[in-house]
Amino acid sequence: MSGLMTMWARLTGMLSGTVVESIVLFITRIALAGIFWRSYETKVVDGTWLQIDEVQKLIFENEFSGLPLSPDIAVPLTVYAEFALPILLVIGLFSRFSAAALAVMALVIQLFVFPTWDHFFGWDITVLALAGIIISRGPGMISLDAILSRVTGAKAT
């Protein structure tokens, strides 16, 4: 039995190291970015980067009418955030800020667009958990934040 416990202690020791944690944090950043990137892709004209599909204003006016912002502001703000923040997350630049901004977006969606428990325990809690991991642990070694922190001596953001 003590041999099994020793093996378990070694395994958990290896898995809790910086390298494994950095790989997991990288995957977490990609997962969170992917959720919002897929949403961004539904809001722009196919084959373009930032040309907003005209139907988005109608969707925001009718289906997302609970938002406290005008669709004229909410649509471009959402599109630009869903474009830029996932890119920043994947490359690991301003990772904590990007994760926090996406968490705020998720909370706004939860409170004003889909204020149901089904939505919260489906999509929203997943986004908040992924963002919370990045905010609390940082981006890991596989990030521009880590490189900048080594160069400048500052803590990774």
# chains A, B, ... in the order shown; residues from 1 in each chain; ligands from 1
call {"tool": "residues_around", "arguments": {"residues": "segment 139-147 of chain A", "least_positions_apart": "3", "cutoff": "6 Å", "atoms": "only C-alpha atoms", "output": "PyMOL selection string"}}
result
chain A and resi 22+25+91-93+95+134+150+156
call {"tool": "write_last_selection", "arguments": {"atoms": "C-alpha atoms", "output": "compact mmCIF listing (two decimals), in the first residue's frame"}}
result
# COMPACT_ATOMS: atom_id res chain seq x y z
CA SER A 22 1.43 26.15 -18.19
CA LEU A 25 -3.41 27.27 -18.71
CA ILE A 91 -1.15 34.81 -27.68
CA GLY A 92 -1.15 35.38 -23.94
CA LEU A 93 -0.97 39.16 -23.92
CA SER A 95 -4.37 37.62 -20.37
CA ILE A 134 -6.86 32.54 -15.97
CA ARG A 150 10.87 38.02 -17.48
CA ALA A 156 2.55 38.50 -15.68
call {"tool": "residues_around", "arguments": {"residues": "segment 61-76 of chain A", "least_positions_apart": "4", "cutoff": "7 Å", "atoms": "only C-alpha atoms", "output": "ChimeraX atom specification"}}
result
/A:56-57,80,112-113
call {"tool": "atom_distance", "arguments": {"atom1": "atom CA of Phe26 of chain A", "atom2": "atom CA of Leu102 of chain A"}}
result
16.3 Å
call {"tool": "residues_around", "arguments": {"residues": "Pro86 of chain A", "least_positions_apart": "6", "cutoff": "9 Å", "atoms": "only C-alpha atoms", "output": "ChimeraX atom specification"}}
result
/A:29-30,32-37,98-99,102
call {"tool": "atom_distance", "arguments": {"atom1": "atom CA of Ala9 of chain A", "atom2": "atom CA of Ile23 of chain A"}}
result
20.5 Å
call {"tool": "atom_distance", "arguments": {"atom1": "atom CA of Arg137 of chain A", "atom2": "atom CA of Thr28 of chain A"}}
result
10.9 Å
call {"tool": "select_by_dssp", "arguments": {"residues": "segment 12-148 of chain A", "states": "alpha helix (DSSP H)", "output": "number ranges by chain"}}
result
A: 12-15, 18-41, 55-62, 71-91, 95-108, 117-119, 125-137, 144-148
call {"tool": "closest_residue", "arguments": {"among": "A:Phe94, A:Tyr40, A:Trp117, A:Trp49", "to": "Thr78 of chain A", "atoms": "only C-alpha atoms"}}
result
A:Tyr40
call {"tool": "residues_around", "arguments": {"residues": "Ala106 of chain A", "least_positions_apart": "6", "cutoff": "8 Å", "atoms": "only C-alpha atoms", "output": "VMD selection string"}}
result
chain A and resid 124 127 to 128
call {"tool": "write_last_selection", "arguments": {"atoms": "N, CA, C and O atoms", "output": "PDB file, in the first residue's frame"}}
result
ATOM      1  N   ASP A 124     -22.812  30.007 -19.228  1.00  0.00           N
ATOM      2  CA  ASP A 124     -22.233  31.082 -18.435  1.00  0.00           C
ATOM      3  C   ASP A 124     -21.254  30.578 -17.381  1.00  0.00           C
ATOM      4  O   ASP A 124     -20.166  31.128 -17.224  1.00  0.00           O
ATOM      5  N   VAL A 127     -17.893  29.691 -18.926  1.00  0.00           N
ATOM      6  CA  VAL A 127     -17.098  30.877 -19.251  1.00  0.00           C
ATOM      7  C   VAL A 127     -16.508  31.477 -17.975  1.00  0.00           C
ATOM      8  O   VAL A 127     -15.314  31.811 -17.925  1.00  0.00           O
ATOM      9  N   LEU A 128     -17.306  31.603 -16.935  1.00  0.00           N
ATOM     10  CA  LEU A 128     -16.816  32.193 -15.681  1.00  0.00           C
ATOM     11  C   LEU A 128     -15.732  31.330 -15.040  1.00  0.00           C
ATOM     12  O   LEU A 128     -14.757  31.861 -14.492  1.00  0.00           O
TER      13      LEU A 128
END
